[in-house]
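A.B. asks: Before I ask anything, here is the structure I am working with.
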Amino acid sequence: MMTNYLELLCKDGGQFVFDFQKEEVQLCVSNIVKQADHCKMYDNMFKKPISQFKERECRILKQSKKCLKDLADRCQEISVMDVFNAAYNPIEEAAKCNQV
């Protein structure tokens with residue numbers, strides 16, 4: 001997961017970092033954070049190892065990711081979803097959700 005974040009930060013010579021500092025991007029991200037509560041995953045979902053995720057957990061994970069994507073798509077100035085994908089994609093891979 002950390003590798004994904006480092007790649008994101010370094011992509012295009014660090015352009016993401018510069019874009020993220022823009023006022024309109026900060027405002028958009030702030031709005032996403034305020035609205036993201038309804039996208040939240042179940043807290044007890046992570047009480048079991050990710051490698052033991054079954055269909056239910058994978059479905060919750062995918063629904064949460066789609067919900068955040070719908071919010072993130074409102075930010076035209078920057079690909080906010082890249083931030084979420086840096087976390088979600090390794091979890092999906094470790095959980096083998098594409099095989100469920």
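Labels for the structure tokens follow display order: chains A, B, ..., residues from 1 in each chain, ligands from 1.
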Excluding A:Phe16 and any residue of its chain fewer than 4 positions from it, enumerate the residues within 12 Å of it, using only C-alpha atoms, and give them as a PDB file with all heavy atoms, in the first residue's frame.
C.D. replies:
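Output (selection.pdb):
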```pdb
ATOM      1  N   TYR A   5       1.197   4.658  -2.629  1.00  0.00           N
ATOM      2  CA  TYR A   5       1.170   6.080  -2.280  1.00  0.00           C
ATOM      3  C   TYR A   5       2.434   6.788  -2.742  1.00  0.00           C
ATOM      4  O   TYR A   5       2.369   7.916  -3.242  1.00  0.00           O
ATOM      5  CB  TYR A   5       0.969   6.276  -0.778  1.00  0.00           C
ATOM      6  CG  TYR A   5      -0.464   6.077  -0.347  1.00  0.00           C
ATOM      7  CD1 TYR A   5      -0.818   5.059   0.512  1.00  0.00           C
ATOM      8  CD2 TYR A   5      -1.469   6.901  -0.820  1.00  0.00           C
ATOM      9  CE1 TYR A   5      -2.129   4.866   0.894  1.00  0.00           C
ATOM     10  CE2 TYR A   5      -2.792   6.715  -0.460  1.00  0.00           C
ATOM     11  CZ  TYR A   5      -3.114   5.699   0.410  1.00  0.00           C
ATOM     12  OH  TYR A   5      -4.411   5.508   0.778  1.00  0.00           O
ATOM     13  N   LEU A   6       3.567   6.137  -2.603  1.00  0.00           N
ATOM     14  CA  LEU A   6       4.822   6.741  -3.069  1.00  0.00           C
ATOM     15  C   LEU A   6       4.807   6.939  -4.582  1.00  0.00           C
ATOM     16  O   LEU A   6       5.230   7.987  -5.084  1.00  0.00           O
ATOM     17  CB  LEU A   6       6.014   5.884  -2.653  1.00  0.00           C
ATOM     18  CG  LEU A   6       6.362   5.911  -1.167  1.00  0.00           C
ATOM     19  CD1 LEU A   6       7.464   4.898  -0.856  1.00  0.00           C
ATOM     20  CD2 LEU A   6       6.799   7.307  -0.739  1.00  0.00           C
ATOM     21  N   GLU A   7       4.313   5.950  -5.304  1.00  0.00           N
ATOM     22  CA  GLU A   7       4.208   6.075  -6.757  1.00  0.00           C
ATOM     23  C   GLU A   7       3.291   7.233  -7.136  1.00  0.00           C
ATOM     24  O   GLU A   7       3.583   7.996  -8.054  1.00  0.00           O
ATOM     25  CB  GLU A   7       3.706   4.774  -7.377  1.00  0.00           C
ATOM     26  CG  GLU A   7       4.729   3.661  -7.364  1.00  0.00           C
ATOM     27  CD  GLU A   7       4.180   2.334  -7.877  1.00  0.00           C
ATOM     28  OE1 GLU A   7       3.018   2.289  -8.354  1.00  0.00           O
ATOM     29  OE2 GLU A   7       4.912   1.342  -7.806  1.00  0.00           O
ATOM     30  N   LEU A   8       2.185   7.370  -6.415  1.00  0.00           N
ATOM     31  CA  LEU A   8       1.240   8.452  -6.677  1.00  0.00           C
ATOM     32  C   LEU A   8       1.889   9.811  -6.430  1.00  0.00           C
ATOM     33  O   LEU A   8       1.754  10.733  -7.224  1.00  0.00           O
ATOM     34  CB  LEU A   8      -0.004   8.293  -5.803  1.00  0.00           C
ATOM     35  CG  LEU A   8      -1.071   9.370  -5.924  1.00  0.00           C
ATOM     36  CD1 LEU A   8      -1.612   9.437  -7.342  1.00  0.00           C
ATOM     37  CD2 LEU A   8      -2.196   9.090  -4.933  1.00  0.00           C
ATOM     38  N   LEU A   9       2.617   9.922  -5.336  1.00  0.00           N
ATOM     39  CA  LEU A   9       3.265  11.191  -4.996  1.00  0.00           C
ATOM     40  C   LEU A   9       4.355  11.567  -5.994  1.00  0.00           C
ATOM     41  O   LEU A   9       4.591  12.752  -6.250  1.00  0.00           O
ATOM     42  CB  LEU A   9       3.850  11.126  -3.585  1.00  0.00           C
ATOM     43  CG  LEU A   9       2.826  11.024  -2.453  1.00  0.00           C
ATOM     44  CD1 LEU A   9       3.533  10.830  -1.122  1.00  0.00           C
ATOM     45  CD2 LEU A   9       1.934  12.255  -2.412  1.00  0.00           C
ATOM     46  N   CYS A  10       5.015  10.577  -6.557  1.00  0.00           N
ATOM     47  CA  CYS A  10       6.124  10.834  -7.477  1.00  0.00           C
ATOM     48  C   CYS A  10       5.688  10.914  -8.941  1.00  0.00           C
ATOM     49  O   CYS A  10       6.468  11.368  -9.788  1.00  0.00           O
ATOM     50  CB  CYS A  10       7.184   9.742  -7.322  1.00  0.00           C
ATOM     51  SG  CYS A  10       7.976   9.747  -5.704  1.00  0.00           S
ATOM     52  N   LYS A  11       4.492  10.472  -9.237  1.00  0.00           N
ATOM     53  CA  LYS A  11       3.996  10.436 -10.614  1.00  0.00           C
ATOM     54  C   LYS A  11       4.061  11.830 -11.254  1.00  0.00           C
ATOM     55  O   LYS A  11       3.728  12.829 -10.612  1.00  0.00           O
ATOM     56  CB  LYS A  11       2.554   9.916 -10.623  1.00  0.00           C
ATOM     57  CG  LYS A  11       1.970   9.668 -11.987  1.00  0.00           C
ATOM     58  CD  LYS A  11       0.666   8.908 -11.877  1.00  0.00           C
ATOM     59  CE  LYS A  11      -0.505   9.835 -11.955  1.00  0.00           C
ATOM     60  NZ  LYS A  11      -1.789   9.135 -11.958  1.00  0.00           N
ATOM     61  N   ASP A  12       4.487  11.871 -12.472  1.00  0.00           N
ATOM     62  CA  ASP A  12       4.584  13.129 -13.232  1.00  0.00           C
ATOM     63  C   ASP A  12       5.391  14.186 -12.493  1.00  0.00           C
ATOM     64  O   ASP A  12       5.014  15.357 -12.439  1.00  0.00           O
ATOM     65  CB  ASP A  12       3.193  13.676 -13.571  1.00  0.00           C
ATOM     66  CG  ASP A  12       2.402  12.744 -14.471  1.00  0.00           C
ATOM     67  OD1 ASP A  12       3.021  12.050 -15.312  1.00  0.00           O
ATOM     68  OD2 ASP A  12       1.164  12.697 -14.330  1.00  0.00           O
ATOM     69  N   PHE A  20      -2.678  18.997  -5.394  1.00  0.00           N
ATOM     70  CA  PHE A  20      -3.410  18.783  -4.143  1.00  0.00           C
ATOM     71  C   PHE A  20      -3.380  20.025  -3.252  1.00  0.00           C
ATOM     72  O   PHE A  20      -4.230  20.196  -2.397  1.00  0.00           O
ATOM     73  CB  PHE A  20      -2.822  17.580  -3.397  1.00  0.00           C
ATOM     74  CG  PHE A  20      -3.800  16.894  -2.496  1.00  0.00           C
ATOM     75  CD1 PHE A  20      -4.704  15.984  -3.014  1.00  0.00           C
ATOM     76  CD2 PHE A  20      -3.822  17.159  -1.143  1.00  0.00           C
ATOM     77  CE1 PHE A  20      -5.612  15.343  -2.184  1.00  0.00           C
ATOM     78  CE2 PHE A  20      -4.732  16.524  -0.310  1.00  0.00           C
ATOM     79  CZ  PHE A  20      -5.630  15.613  -0.832  1.00  0.00           C
ATOM     80  N   GLN A  21      -2.426  20.903  -3.455  1.00  0.00           N
ATOM     81  CA  GLN A  21      -2.299  22.102  -2.638  1.00  0.00           C
ATOM     82  C   GLN A  21      -3.196  23.245  -3.113  1.00  0.00           C
ATOM     83  O   GLN A  21      -3.354  24.237  -2.409  1.00  0.00           O
ATOM     84  CB  GLN A  21      -0.841  22.562  -2.603  1.00  0.00           C
ATOM     85  CG  GLN A  21       0.053  21.566  -1.900  1.00  0.00           C
ATOM     86  CD  GLN A  21       1.512  21.957  -1.957  1.00  0.00           C
ATOM     87  OE1 GLN A  21       1.863  23.076  -2.269  1.00  0.00           O
ATOM     88  NE2 GLN A  21       2.380  21.015  -1.645  1.00  0.00           N
ATOM     89  N   LYS A  22      -3.805  23.101  -4.263  1.00  0.00           N
ATOM     90  CA  LYS A  22      -4.692  24.147  -4.794  1.00  0.00           C
ATOM     91  C   LYS A  22      -5.931  24.273  -3.915  1.00  0.00           C
ATOM     92  O   LYS A  22      -6.472  23.282  -3.425  1.00  0.00           O
ATOM     93  CB  LYS A  22      -5.104  23.823  -6.225  1.00  0.00           C
ATOM     94  CG  LYS A  22      -3.957  23.837  -7.212  1.00  0.00           C
ATOM     95  CD  LYS A  22      -4.441  23.447  -8.597  1.00  0.00           C
ATOM     96  CE  LYS A  22      -3.310  23.392  -9.583  1.00  0.00           C
ATOM     97  NZ  LYS A  22      -3.750  22.897 -10.897  1.00  0.00           N
ATOM     98  N   VAL A  25      -9.003  22.260  -4.916  1.00  0.00           N
ATOM     99  CA  VAL A  25      -8.839  20.830  -4.646  1.00  0.00           C
ATOM    100  C   VAL A  25      -9.047  20.567  -3.157  1.00  0.00           C
ATOM    101  O   VAL A  25      -9.741  19.623  -2.777  1.00  0.00           O
ATOM    102  CB  VAL A  25      -7.461  20.328  -5.121  1.00  0.00           C
ATOM    103  CG1 VAL A  25      -7.221  18.894  -4.681  1.00  0.00           C
ATOM    104  CG2 VAL A  25      -7.345  20.449  -6.635  1.00  0.00           C
ATOM    105  N   GLU A  77     -10.581  18.843 -10.774  1.00  0.00           N
ATOM    106  CA  GLU A  77      -9.224  19.371 -10.852  1.00  0.00           C
ATOM    107  C   GLU A  77      -8.148  18.311 -10.646  1.00  0.00           C
ATOM    108  O   GLU A  77      -7.003  18.504 -11.007  1.00  0.00           O
ATOM    109  CB  GLU A  77      -9.012  20.470  -9.800  1.00  0.00           C
ATOM    110  CG  GLU A  77      -9.915  21.666  -9.951  1.00  0.00           C
ATOM    111  CD  GLU A  77     -11.276  21.459  -9.297  1.00  0.00           C
ATOM    112  OE1 GLU A  77     -11.470  20.467  -8.571  1.00  0.00           O
ATOM    113  OE2 GLU A  77     -12.160  22.301  -9.520  1.00  0.00           O
ATOM    114  N   ILE A  78      -8.508  17.197 -10.033  1.00  0.00           N
ATOM    115  CA  ILE A  78      -7.509  16.204  -9.650  1.00  0.00           C
ATOM    116  C   ILE A  78      -8.191  14.841  -9.546  1.00  0.00           C
ATOM    117  O   ILE A  78      -9.381  14.752  -9.260  1.00  0.00           O
ATOM    118  CB  ILE A  78      -6.852  16.593  -8.304  1.00  0.00           C
ATOM    119  CG1 ILE A  78      -5.609  15.764  -8.022  1.00  0.00           C
ATOM    120  CG2 ILE A  78      -7.830  16.540  -7.174  1.00  0.00           C
ATOM    121  CD1 ILE A  78      -4.818  16.270  -6.821  1.00  0.00           C
ATOM    122  N   SER A  79      -7.431  13.801  -9.750  1.00  0.00           N
ATOM    123  CA  SER A  79      -7.990  12.457  -9.623  1.00  0.00           C
ATOM    124  C   SER A  79      -7.892  11.998  -8.169  1.00  0.00           C
ATOM    125  O   SER A  79      -6.952  11.316  -7.777  1.00  0.00           O
ATOM    126  CB  SER A  79      -7.266  11.479 -10.545  1.00  0.00           C
ATOM    127  OG  SER A  79      -7.809  10.196 -10.381  1.00  0.00           O
ATOM    128  N   VAL A  80      -8.881  12.406  -7.380  1.00  0.00           N
ATOM    129  CA  VAL A  80      -8.906  12.049  -5.966  1.00  0.00           C
ATOM    130  C   VAL A  80      -9.028  10.540  -5.793  1.00  0.00           C
ATOM    131  O   VAL A  80      -8.514   9.965  -4.852  1.00  0.00           O
ATOM    132  CB  VAL A  80     -10.056  12.785  -5.242  1.00  0.00           C
ATOM    133  CG1 VAL A  80     -10.156  12.368  -3.793  1.00  0.00           C
ATOM    134  CG2 VAL A  80      -9.868  14.291  -5.360  1.00  0.00           C
ATOM    135  N   MET A  81      -9.654   9.896  -6.749  1.00  0.00           N
ATOM    136  CA  MET A  81      -9.838   8.449  -6.649  1.00  0.00           C
ATOM    137  C   MET A  81      -8.508   7.722  -6.633  1.00  0.00           C
ATOM    138  O   MET A  81      -8.410   6.630  -6.084  1.00  0.00           O
ATOM    139  CB  MET A  81     -10.729   7.953  -7.797  1.00  0.00           C
ATOM    140  CG  MET A  81     -11.328   6.602  -7.543  1.00  0.00           C
ATOM    141  SD  MET A  81     -12.329   6.585  -6.035  1.00  0.00           S
ATOM    142  CE  MET A  81     -12.307   4.847  -5.679  1.00  0.00           C
ATOM    143  N   ASP A  82      -7.469   8.327  -7.186  1.00  0.00           N
ATOM    144  CA  ASP A  82      -6.140   7.711  -7.126  1.00  0.00           C
ATOM    145  C   ASP A  82      -5.704   7.480  -5.685  1.00  0.00           C
ATOM    146  O   ASP A  82      -5.057   6.483  -5.371  1.00  0.00           O
ATOM    147  CB  ASP A  82      -5.098   8.574  -7.839  1.00  0.00           C
ATOM    148  CG  ASP A  82      -5.240   8.530  -9.349  1.00  0.00           C
ATOM    149  OD1 ASP A  82      -5.972   7.656  -9.866  1.00  0.00           O
ATOM    150  OD2 ASP A  82      -4.613   9.381 -10.015  1.00  0.00           O
ATOM    151  N   VAL A  83      -6.074   8.402  -4.803  1.00  0.00           N
ATOM    152  CA  VAL A  83      -5.734   8.273  -3.379  1.00  0.00           C
ATOM    153  C   VAL A  83      -6.457   7.069  -2.784  1.00  0.00           C
ATOM    154  O   VAL A  83      -5.856   6.247  -2.088  1.00  0.00           O
ATOM    155  CB  VAL A  83      -6.089   9.555  -2.600  1.00  0.00           C
ATOM    156  CG1 VAL A  83      -5.813   9.389  -1.113  1.00  0.00           C
ATOM    157  CG2 VAL A  83      -5.337  10.753  -3.161  1.00  0.00           C
TER     158      VAL A  83
END
```
A.B. asks: At what distance in Å, to one decimal, does atom CA of A:Phe84 lie from atom CA of A:Asn31?
C.D. replies: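 Taking atom CA of A:Asn31 as the start and atom CA of A:Phe84 as the end point, the length is 15.0 Å.
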A.B. asks: When distances are computed from only C-alpha atoms, which of A:Ile50, A:Cys58, A:Cys67, A:Cys75 shows the smallest separation from A:Glu24?
C.D. replies: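 With only C-alpha atoms as the atom set, the closest residue is A:Cys75.
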A.B. asks: Among chain A, which ones does DSSP assign to alpha helix (DSSP H) (computed from the backbone)? Answer as an MDAnalysis selection string.
C.D. replies: chainID A and resid 2:20 23:35 55:72 81:95
A.B. asks: Counting only C-alpha atoms, which residue out of A:Met2, A:Leu27, A:Ala95, A:Val17 sits closest to A:Arg56?
C.D. replies: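 For A:Arg56, the nearest of the candidates is A:Ala95.
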A.B. asks: Kindly indicate which residue among A:Cys97, A:Glu92, A:Ala86, A:Lys66 lies nearest to A:Thr3, using only C-alpha atoms for the distances.
C.D. replies: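 When distances to A:Thr3 are compared using only C-alpha atoms, the smallest one comes from A:Ala86.
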A.B. asks: With only C-alpha atoms as the basis for distance, which of A:Leu71, A:Met1, A:Phe53, A:Lys47 is at the shortest distance from A:Gln35?
C.D. replies: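 The closest residue to A:Gln35 is A:Leu71.
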A.B. asks: Can you work out the spacing between atom CA of A:Gln63 and atom CA of A:Phe46 in Å, to one decimal?
C.D. replies: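 Separating atom CA of A:Gln63 from atom CA of A:Phe46 is a distance of 15.5 Å.
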A.B. asks: Which is closer to A:Ser30 than all the others in A:Lys54, A:Lys62, A:Arg74, A:Lys96, using only C-alpha atoms?
C.D. replies: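 So, comparing all the options, the nearest one is A:Arg74.
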